[in-house]
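> model.csv is the file, holding CSV, C-alpha atoms:
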```
chain,number,residue,atom,x,y,z
A,1,MET,CA,0.0,0.0,0.0
A,2,GLN,CA,1.1,3.6,-0.7
A,3,LYS,CA,0.6,6.5,1.6
A,4,ILE,CA,-1.3,9.3,-0.1
A,5,ALA,CA,-1.7,12.8,1.3
A,6,VAL,CA,-5.3,14.1,1.2
A,7,SER,CA,-6.8,17.5,2.2
A,8,THR,CA,-9.9,18.2,4.1
A,9,ASN,CA,-12.6,20.8,3.3
A,10,GLN,CA,-11.3,22.9,6.2
A,11,GLY,CA,-7.8,23.0,4.8
A,12,GLY,CA,-6.2,20.3,6.9
A,13,ARG,CA,-4.1,17.4,5.5
A,14,PHE,CA,-3.5,13.8,6.5
A,15,GLU,CA,-2.3,10.6,5.0
A,16,VAL,CA,-4.2,7.4,4.1
A,17,ASP,CA,-2.9,4.0,3.1
A,18,HIS,CA,-4.2,3.3,-0.4
A,19,CYS,CA,-3.8,0.1,-2.5
A,20,GLY,CA,-3.4,1.0,-6.1
A,21,PHE,CA,-3.9,-2.6,-7.1
A,22,CYS,CA,-7.3,-3.3,-5.5
A,23,GLY,CA,-8.5,0.2,-4.9
A,24,GLY,CA,-9.0,-0.2,-1.2
A,25,THR,CA,-8.1,2.4,1.4
A,26,TRP,CA,-7.1,2.1,5.0
A,27,PHE,CA,-8.2,4.9,7.3
A,28,ASP,CA,-6.9,5.5,10.8
A,29,PRO,CA,-9.6,6.3,13.4
A,30,TYR,CA,-12.1,9.0,12.3
A,31,GLU,CA,-10.2,9.7,9.1
A,32,ILE,CA,-12.9,8.3,6.9
A,33,ASN,CA,-15.3,11.1,8.1
A,34,ARG,CA,-12.7,13.8,7.3
A,35,ILE,CA,-11.9,12.9,3.7
A,36,PRO,CA,-14.0,14.9,1.2
A,37,PHE,CA,-15.6,13.4,-1.9
A,38,HIS,CA,-13.3,15.0,-4.4
A,39,GLU,CA,-10.3,13.2,-2.8
A,40,ILE,CA,-12.2,9.9,-3.3
A,41,ILE,CA,-12.1,10.7,-7.0
A,42,THR,CA,-8.4,11.3,-6.7
A,43,LEU,CA,-7.8,8.0,-5.1
A,44,ALA,CA,-9.9,6.2,-7.7
A,45,ASN,CA,-7.7,7.7,-10.5
A,46,LEU,CA,-4.6,6.3,-8.8
A,47,THR,CA,-6.0,2.8,-8.9
A,48,VAL,CA,-4.9,0.4,-11.6
A,49,LEU,CA,-7.5,-2.4,-11.6
A,50,PRO,CA,-6.1,-5.8,-12.6
A,51,LYS,CA,-7.3,-7.4,-15.8
A,52,LYS,CA,-7.9,-10.7,-14.0
A,53,LYS,CA,-10.4,-11.1,-11.2
A,54,VAL,CA,-8.6,-11.2,-7.9
A,55,THR,CA,-9.6,-14.0,-5.5
A,56,GLU,CA,-11.3,-12.3,-2.5
A,57,LEU,CA,-9.6,-13.0,0.9
A,58,LYS,CA,-11.6,-15.1,3.4
A,59,LYS,CA,-10.2,-13.0,6.2
A,60,HIS,CA,-9.0,-9.4,6.2
A,61,LEU,CA,-6.4,-8.4,8.7
A,62,CYS,CA,-5.6,-5.0,10.1
A,63,PRO,CA,-2.5,-3.6,8.5
A,64,GLY,CA,-1.4,-2.1,11.8
A,65,ASP,CA,-1.8,-4.9,14.3
A,66,ASN,CA,-2.9,-7.9,12.2
A,67,HIS,CA,-6.2,-8.1,14.2
A,68,PRO,CA,-9.0,-9.6,12.2
A,69,LEU,CA,-11.3,-7.0,10.6
A,70,GLU,CA,-15.0,-7.2,11.1
A,71,PRO,CA,-18.0,-5.7,9.3
A,72,PHE,CA,-18.8,-2.2,10.6
A,73,GLN,CA,-22.4,-1.6,11.2
A,74,GLY,CA,-24.1,1.7,12.1
A,75,ASP,CA,-26.9,4.1,11.2
A,76,ALA,CA,-24.5,6.2,9.1
A,77,VAL,CA,-23.6,3.2,6.9
A,78,PRO,CA,-26.0,2.4,4.0
A,79,LYS,CA,-27.1,-1.2,3.7
A,80,ASN,CA,-25.4,-1.6,0.4
A,81,VAL,CA,-22.0,-0.5,1.7
A,82,LYS,CA,-19.6,-2.8,3.4
A,83,LEU,CA,-16.9,-1.3,5.6
A,84,LEU,CA,-14.5,-3.4,7.7
A,85,TRP,CA,-13.0,-2.2,10.9
A,86,CYS,CA,-10.5,-3.2,13.5
A,87,LYS,CA,-12.0,-3.2,17.0
A,88,LYS,CA,-8.6,-2.9,18.5
A,89,CYS,CA,-7.3,0.2,16.8
A,90,LEU,CA,-10.6,1.5,15.4
A,91,GLY,CA,-9.2,1.8,11.9
A,92,ILE,CA,-11.5,1.2,8.9
A,93,TRP,CA,-10.9,-0.5,5.5
A,94,ALA,CA,-13.0,0.5,2.6
A,95,ALA,CA,-13.1,-1.0,-0.9
A,96,GLN,CA,-13.1,1.6,-3.7
A,97,LYS,CA,-16.8,1.1,-4.6
A,98,ASP,CA,-17.9,1.0,-1.0
A,99,LEU,CA,-15.9,4.1,-0.1
A,100,TRP,CA,-17.5,5.9,-3.1
A,101,GLU,CA,-21.1,5.0,-2.0
A,102,PHE,CA,-20.4,5.8,1.7
A,103,LYS,CA,-19.0,9.3,1.0
A,104,LYS,CA,-21.8,10.0,-1.5
A,105,HIS,CA,-24.4,9.0,1.1
A,106,GLN,CA,-22.6,11.1,3.7
A,107,ASP,CA,-22.5,14.2,1.5
A,108,GLU,CA,-26.2,13.8,0.6
A,109,THR,CA,-27.1,13.5,4.3
A,110,VAL,CA,-25.2,16.7,5.2
A,111,SER,CA,-26.6,18.6,2.2
A,112,ALA,CA,-30.2,17.6,3.2
A,113,TYR,CA,-29.5,18.8,6.8
A,114,ASP,CA,-28.1,22.1,5.6
A,115,VAL,CA,-31.1,22.8,3.3
A,116,GLY,CA,-33.5,21.8,6.0
A,117,SER,CA,-31.8,23.9,8.6
A,118,LYS,CA,-32.2,27.0,6.4
A,119,PHE,CA,-36.0,26.6,6.3
A,120,PHE,CA,-36.6,24.9,9.6
A,121,PRO,CA,-34.6,26.3,12.5
A,122,ALA,CA,-33.4,23.9,15.2
A,123,LEU,CA,-36.1,23.0,17.7
A,124,SER,CA,-34.1,24.5,20.5
A,125,VAL,CA,-34.0,27.9,18.8
A,126,VAL,CA,-37.8,28.0,18.9
A,127,PHE,CA,-38.5,25.8,21.9
A,128,VAL,CA,-36.3,27.5,24.5
A,129,PRO,CA,-37.6,31.0,24.0
A,130,VAL,CA,-41.2,29.8,24.0
A,131,VAL,CA,-40.6,27.9,27.3
A,132,THR,CA,-38.9,30.9,28.8
A,133,PHE,CA,-41.7,33.2,27.8
A,134,LEU,CA,-44.3,30.8,29.2
A,135,PHE,CA,-42.4,30.5,32.4
A,136,LEU,CA,-42.1,34.3,32.8
A,137,LEU,CA,-45.8,34.6,31.9
A,138,ALA,CA,-46.8,32.0,34.6
A,139,THR,CA,-44.5,33.6,37.1
A,140,THR,CA,-45.9,37.1,36.5
A,141,PHE,CA,-49.5,35.8,36.7
A,142,THR,CA,-48.7,34.0,40.0
A,143,THR,CA,-47.1,37.1,41.4
A,144,ILE,CA,-50.0,39.4,40.4
A,145,THR,CA,-52.5,36.9,41.8
A,146,SER,CA,-50.6,36.7,45.1
A,147,LEU,CA,-50.4,40.5,45.4
A,148,GLN,CA,-54.0,40.8,44.6
A,149,GLN,CA,-54.9,38.2,47.2
A,150,ALA,CA,-52.7,39.9,49.8
A,151,GLN,CA,-54.4,43.2,49.0
A,152,ASP,CA,-57.8,41.7,49.4
A,153,GLU,CA,-56.8,40.2,52.7
A,154,ARG,CA,-55.6,43.5,54.0
A,155,ILE,CA,-58.8,45.3,53.0
A,156,HIS,CA,-60.8,42.6,54.6
A,157,ALA,CA,-58.8,42.8,57.9
A,158,GLU,CA,-58.9,46.6,58.0
A,159,SER,CA,-62.7,46.6,57.5
A,160,ARG,CA,-63.1,44.3,60.5
A,161,ILE,CA,-60.8,46.2,62.9
A,162,SER,CA,-61.5,49.4,64.9
A,163,ASP,CA,-60.1,51.4,67.8
A,164,ILE,CA,-56.5,50.4,67.3
A,165,LYS,CA,-54.4,51.8,70.2
A,166,THR,CA,-50.7,51.6,71.0
A,167,ASP,CA,-49.9,52.8,74.6
A,168,GLN,CA,-46.4,53.3,75.9
A,169,ILE,CA,-45.9,51.5,79.3
A,170,SER,CA,-42.1,52.0,79.5
A,171,GLY,CA,-39.1,52.3,77.2
A,172,ASN,CA,-39.2,48.6,76.6
A,173,ALA,CA,-42.9,47.8,76.9
A,174,VAL,CA,-45.9,48.7,74.7
A,175,SER,CA,-49.5,47.6,74.8
A,176,ILE,CA,-51.6,47.1,71.6
A,177,SER,CA,-55.4,46.9,71.7
A,178,PHE,CA,-58.2,46.9,69.2
A,179,LYS,CA,-61.7,45.6,68.5
A,180,THR,CA,-63.2,43.5,65.8
A,181,GLN,CA,-66.8,43.4,64.5
A,182,ILE,CA,-67.1,39.6,65.1
A,183,PRO,CA,-64.9,37.3,67.2
A,184,PHE,CA,-61.5,36.5,65.7
A,185,ILE,CA,-58.4,34.7,66.8
A,186,SER,CA,-55.7,37.4,66.6
A,187,SER,CA,-51.9,37.9,66.7
A,188,ALA,CA,-49.4,40.7,66.1
A,189,ILE,CA,-46.5,40.3,63.6
A,190,LEU,CA,-43.9,42.8,64.9
A,191,GLY,CA,-40.2,43.7,64.5
A,192,PRO,CA,-37.7,46.6,64.1
A,193,SER,CA,-37.6,45.8,60.3
A,194,SER,CA,-39.4,43.8,57.7
A,195,LEU,CA,-36.6,41.2,57.9
A,196,GLU,CA,-36.9,40.8,61.7
A,197,MET,CA,-40.6,40.2,62.2
A,198,GLU,CA,-42.0,37.8,64.9
A,199,GLU,CA,-45.5,36.7,65.5
A,200,PHE,CA,-47.0,37.2,69.0
A,201,ILE,CA,-50.4,35.6,70.0
A,202,ILE,CA,-53.0,38.1,71.2
A,203,SER,CA,-56.2,36.1,71.4
A,204,ASP,CA,-55.8,32.4,71.2
A,205,SER,CA,-59.6,31.9,71.1
A,206,PRO,CA,-62.2,33.9,69.1
A,207,SER,CA,-62.9,37.3,70.7
A,208,PRO,CA,-64.1,40.8,69.7
A,209,ASP,CA,-61.7,42.4,72.2
A,210,HIS,CA,-58.0,42.1,71.7
A,211,ASN,CA,-55.1,43.3,73.9
A,212,ILE,CA,-51.4,42.4,74.3
A,213,VAL,CA,-48.5,43.9,76.3
A,214,LEU,CA,-45.2,43.5,74.5
A,215,THR,CA,-42.1,43.6,76.6
A,216,GLY,CA,-38.4,43.3,76.0
A,217,LEU,CA,-38.5,46.0,73.3
A,218,LYS,CA,-35.6,48.4,72.6
A,219,PRO,CA,-36.0,52.0,73.8
A,220,ARG,CA,-36.1,54.7,71.2
A,221,THR,CA,-36.8,52.2,68.4
A,222,ARG,CA,-39.3,52.3,65.6
A,223,TYR,CA,-41.2,49.0,65.4
A,224,LEU,CA,-43.3,47.8,62.4
A,225,PHE,CA,-46.3,45.6,63.0
A,226,ARG,CA,-49.3,44.0,61.3
A,227,LEU,CA,-52.4,42.6,63.0
A,228,LYS,CA,-53.4,39.1,61.9
A,229,LEU,CA,-57.0,37.8,62.2
A,230,ARG,CA,-58.2,34.2,61.8
A,231,ASP,CA,-61.8,33.2,61.6
A,232,GLY,CA,-63.6,29.9,62.4
A,233,GLN,CA,-63.0,28.5,58.9
A,234,ASN,CA,-59.2,29.1,59.5
A,235,ASN,CA,-59.1,31.9,56.9
A,236,SER,CA,-56.4,34.5,57.7
A,237,PHE,CA,-56.4,38.2,57.1
A,238,VAL,CA,-53.5,40.6,57.7
A,239,THR,CA,-53.7,44.4,58.0
A,240,ASP,CA,-51.5,47.0,56.3
A,241,LEU,CA,-48.1,47.7,57.9
A,242,LYS,CA,-48.3,50.0,60.9
A,243,TYR,CA,-45.7,51.3,63.3
A,244,PHE,CA,-44.9,52.8,66.7
A,245,THR,CA,-41.8,54.2,68.4
A,246,THR,CA,-40.8,53.2,71.9
A,247,SER,CA,-40.0,55.9,74.4
A,248,PRO,CA,-36.5,56.6,75.9
```
In structure tokens, how does this file's structure come out?

Amino acid sequence: MQKIAVSTNQGGRFEVDHCGFCGGTWFDPYEINRIPFHEIITLANLTVLPKKKVTELKKHLCPGDNHPLEPFQGDAVPKNVKLLWCKKCLGIWAAQKDLWEFKKHQDETVSAYDVGSKFFPALSVVFVPVVTFLFLLATTFTTITSLQQAQDERIHAESRISDIKTDQISGNAVSISFKTQIPFISSAILGPSSLEMEEFIISDSPSPDHNIVLTGLKPRTRYLFRLKLRDGQNNSFVTDLKYFTTSP
């Protein structure tokens, strides 16, 4: 066999082992995919076919390690094409006609993909933006719904509460009292900032009168609080944010 230098469509070069007598070519791993169709024609022109029919070998051996070659099967190989490969070194042997048919099929497949991709963009190009849009739409809808629900709860709570009073007992103690139109279980959600809120039970059983004395507060500190109501059906309603400032 003779080493023949061939070029790729990308401008690279590599060598294949070509038999000018039988027309077969030996490719090292992955080289058969790199060789372009026009180089197949060049190899065919270098072949001098014998006038007499050559007896076909019963067993083909790898030219590199003498390992028996076996038929290569795969989705990329047409049924009418016979390629032999070495499972040890992964090289491939292709007869002239089989190499011609294989590369022709390969080029047709690539061309069909290129044409299709021009008219039909990849699924991910369409699918990903659509999924992202739907996700953002669902998130926005959920957020708006939650905000609307919270607003409705605050309106409902404010409409049920009256006579809210905060009385300073000392620098670290404050009482909160209010009334409700009907009996509610109640609590106060309180803290020096929206990130440090704690819930304190005011009425642990339904009552129209609510009062709690909060101790352990910091003097000269502004506290935020909300009042939370819960009815007999376990529905909760929270008021708008309110505040008081402890005395020195």
> Please provide the set of residues having any atom within 8 Å of Pro29 of chain A, restricted to only C-alpha atoms, with same-chain residues fewer than 5 positions apart removed, written as a list of chain:residue names.
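Residues meeting the cut-off are A:Cys89, A:Leu90, A:Gly91, A:Ile92.
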> With C-alpha atoms retained, write the just-selected residues as an mmCIF file, keeping the file's coordinate frame.

```cif
data_model
loop_
_atom_site.group_PDB
_atom_site.id
_atom_site.type_symbol
_atom_site.label_atom_id
_atom_site.label_comp_id
_atom_site.auth_asym_id
_atom_site.auth_seq_id
_atom_site.Cartn_x
_atom_site.Cartn_y
_atom_site.Cartn_z
ATOM 1 C CA CYS A 89 -7.300 0.200 16.800
ATOM 2 C CA LEU A 90 -10.600 1.500 15.400
ATOM 3 C CA GLY A 91 -9.200 1.800 11.900
ATOM 4 C CA ILE A 92 -11.500 1.200 8.900
#
```
> How far is it from atom CA of Ile169 of chain A to atom CA of Val213 of chain A, in Å with one decimal?
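The value is 8.6 Å.
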> Do you have the atom CA of Asp231 of chain A-atom CA of Ala173 of chain A distance handy?
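If I compute the distance from atom CA of Asp231 of chain A to atom CA of Ala173 of chain A, I get 28.4 Å.
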> So which residues fall inside 9 Å of (-1.3, 2.3, 0.8) if we count only C-alpha atoms? Mind giving them as an NGL selection string?
:A and (1-4 or 16-20 or 24-26)
> Can you measure atom CA of Asn66 of chain A to atom CA of Leu84 of chain A for me? One decimal in Å is fine.
13.2 Å
> With only C-alpha atoms as the counted atoms, please give the residues lying no more than 8 Å from segment 98-112 of chain A, apart from itself and same-chain residues fewer than 2 positions off, as a list in words.
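Result of the neighbour search: Pro36, Phe37, Ile40, Ala76, Val77, Pro78, Val81, Lys82, Leu83, Ala94, Ala95, Gln96, Asp114, Val115 and Gly116 of chain A.
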> When you count all atoms listed in the file, which of these residues is closest to Ile164 of chain A: A:Thr239, A:Ser203, A:Asn234, A:Ser194?
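Residue with the minimum atom-to-atom distance to Ile164 of chain A: A:Thr239.
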> From the options A:Asn45, A:Ala188, A:Leu229, A:Phe14, which residue's atoms come nearest to Tyr30 of chain A, counting all atoms listed in the file?
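Among the listed residues, the smallest separation from Tyr30 of chain A belongs to A:Phe14.
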> Find the spatial neighbours of His210 of chain A, counting all atoms listed in the file, within a cut-off of 7 Å - ignore same-chain residues fewer than 5 positions away - and output them as number ranges by chain.
A: 177-179, 202-203
> Counting all atoms listed in the file, which of A:His60, A:Asp240, A:Pro219, A:Lys87 gets nearest to Phe72 of chain A?
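Going through A:His60, A:Asp240, A:Pro219, A:Lys87 one by one, the smallest distance to Phe72 of chain A is for A:Lys87.
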> Nearest residue to Leu224 of chain A out of A:Pro206, A:Gly191, A:Gly64, A:Gly23, using all atoms listed in the file?
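For Leu224 of chain A, the nearest of the candidates is A:Gly191.
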> At a cut-off of 12 Å from (-46.4, 38.2, 63.6) in the coordinates of the file, what residues are picked up using only C-alpha atoms, written as a ChimeraX atom specification?
/A:186-191,194-202,224-229,237-239,241
> Could you pull the residues within 8 Å of Gln168 of chain A, counting all atoms listed in the file, minus those fewer than 4 positions along the same chain, as an MDAnalysis selection string?
chainID A and resid 173:175 246:247
> Name the residues in contact with Thr180 of chain A at a cut-off of 6 Å, using all atoms listed in the file, excluding same-chain residues fewer than 4 positions from it; report them as a list of chain:residue names.
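Contacts, in chain order: A:Arg160, A:Ile161, A:Pro208.
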> For the residues selected in the previous step, produce a file with C-alpha atoms as a short mmCIF file (atom, residue, chain, number, x, y, z; two decimals), in the frame of the given file.

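This went into result_20.cif:
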```cif
data_model
loop_
_atom_site.label_atom_id
_atom_site.label_comp_id
_atom_site.auth_asym_id
_atom_site.auth_seq_id
_atom_site.Cartn_x
_atom_site.Cartn_y
_atom_site.Cartn_z
CA ARG A 160 -63.10 44.30 60.50
CA ILE A 161 -60.80 46.20 62.90
CA PRO A 208 -64.10 40.80 69.70
#
```
> Taking N, CA, C and O atoms as the atom set, what does segment 181-192 of chain A look like once completed, written as a PDB file, keeping the file's coordinate frame?

```pdb
ATOM      1  N   GLN A 181     -65.352  43.420  64.641  1.00  0.00           N
ATOM      2  CA  GLN A 181     -66.800  43.400  64.500  1.00  0.00           C
ATOM      3  C   GLN A 181     -67.379  42.049  64.998  1.00  0.00           C
ATOM      4  O   GLN A 181     -68.461  41.994  65.580  1.00  0.00           O
ATOM      5  N   ILE A 182     -66.650  40.977  64.686  1.00  0.00           N
ATOM      6  CA  ILE A 182     -67.100  39.600  65.100  1.00  0.00           C
ATOM      7  C   ILE A 182     -65.859  38.991  65.797  1.00  0.00           C
ATOM      8  O   ILE A 182     -64.715  39.447  65.625  1.00  0.00           O
ATOM      9  N   PRO A 183     -66.049  37.938  66.560  1.00  0.00           N
ATOM     10  CA  PRO A 183     -64.900  37.300  67.200  1.00  0.00           C
ATOM     11  C   PRO A 183     -63.893  36.719  66.259  1.00  0.00           C
ATOM     12  O   PRO A 183     -64.245  36.062  65.281  1.00  0.00           O
ATOM     13  N   PHE A 184     -62.628  37.010  66.534  1.00  0.00           N
ATOM     14  CA  PHE A 184     -61.500  36.500  65.700  1.00  0.00           C
ATOM     15  C   PHE A 184     -60.417  36.002  66.677  1.00  0.00           C
ATOM     16  O   PHE A 184     -60.255  36.513  67.789  1.00  0.00           O
ATOM     17  N   ILE A 185     -59.660  35.024  66.225  1.00  0.00           N
ATOM     18  CA  ILE A 185     -58.400  34.700  66.800  1.00  0.00           C
ATOM     19  C   ILE A 185     -57.382  35.723  66.282  1.00  0.00           C
ATOM     20  O   ILE A 185     -57.405  36.020  65.084  1.00  0.00           O
ATOM     21  N   SER A 186     -56.505  36.270  67.110  1.00  0.00           N
ATOM     22  CA  SER A 186     -55.700  37.400  66.600  1.00  0.00           C
ATOM     23  C   SER A 186     -54.208  37.194  67.084  1.00  0.00           C
ATOM     24  O   SER A 186     -53.906  36.499  68.060  1.00  0.00           O
ATOM     25  N   SER A 187     -53.326  37.864  66.352  1.00  0.00           N
ATOM     26  CA  SER A 187     -51.900  37.900  66.700  1.00  0.00           C
ATOM     27  C   SER A 187     -51.306  39.170  66.109  1.00  0.00           C
ATOM     28  O   SER A 187     -51.902  39.819  65.239  1.00  0.00           O
ATOM     29  N   ALA A 188     -50.118  39.521  66.596  1.00  0.00           N
ATOM     30  CA  ALA A 188     -49.400  40.700  66.100  1.00  0.00           C
ATOM     31  C   ALA A 188     -48.070  40.210  65.499  1.00  0.00           C
ATOM     32  O   ALA A 188     -47.339  39.445  66.134  1.00  0.00           O
ATOM     33  N   ILE A 189     -47.782  40.652  64.289  1.00  0.00           N
ATOM     34  CA  ILE A 189     -46.500  40.300  63.600  1.00  0.00           C
ATOM     35  C   ILE A 189     -45.660  41.601  63.745  1.00  0.00           C
ATOM     36  O   ILE A 189     -45.996  42.640  63.160  1.00  0.00           O
ATOM     37  N   LEU A 190     -44.553  41.536  64.481  1.00  0.00           N
ATOM     38  CA  LEU A 190     -43.900  42.800  64.900  1.00  0.00           C
ATOM     39  C   LEU A 190     -42.345  42.599  64.783  1.00  0.00           C
ATOM     40  O   LEU A 190     -41.803  41.510  64.972  1.00  0.00           O
ATOM     41  N   GLY A 191     -41.657  43.728  64.516  1.00  0.00           N
ATOM     42  CA  GLY A 191     -40.200  43.700  64.500  1.00  0.00           C
ATOM     43  C   GLY A 191     -39.647  45.080  64.124  1.00  0.00           C
ATOM     44  O   GLY A 191     -40.365  45.935  63.586  1.00  0.00           O
ATOM     45  N   PRO A 192     -38.357  45.319  64.396  1.00  0.00           N
ATOM     46  CA  PRO A 192     -37.700  46.600  64.100  1.00  0.00           C
ATOM     47  C   PRO A 192     -37.543  46.813  62.563  1.00  0.00           C
ATOM     48  O   PRO A 192     -37.280  47.926  62.111  1.00  0.00           O
TER      49      PRO A 192
END
```
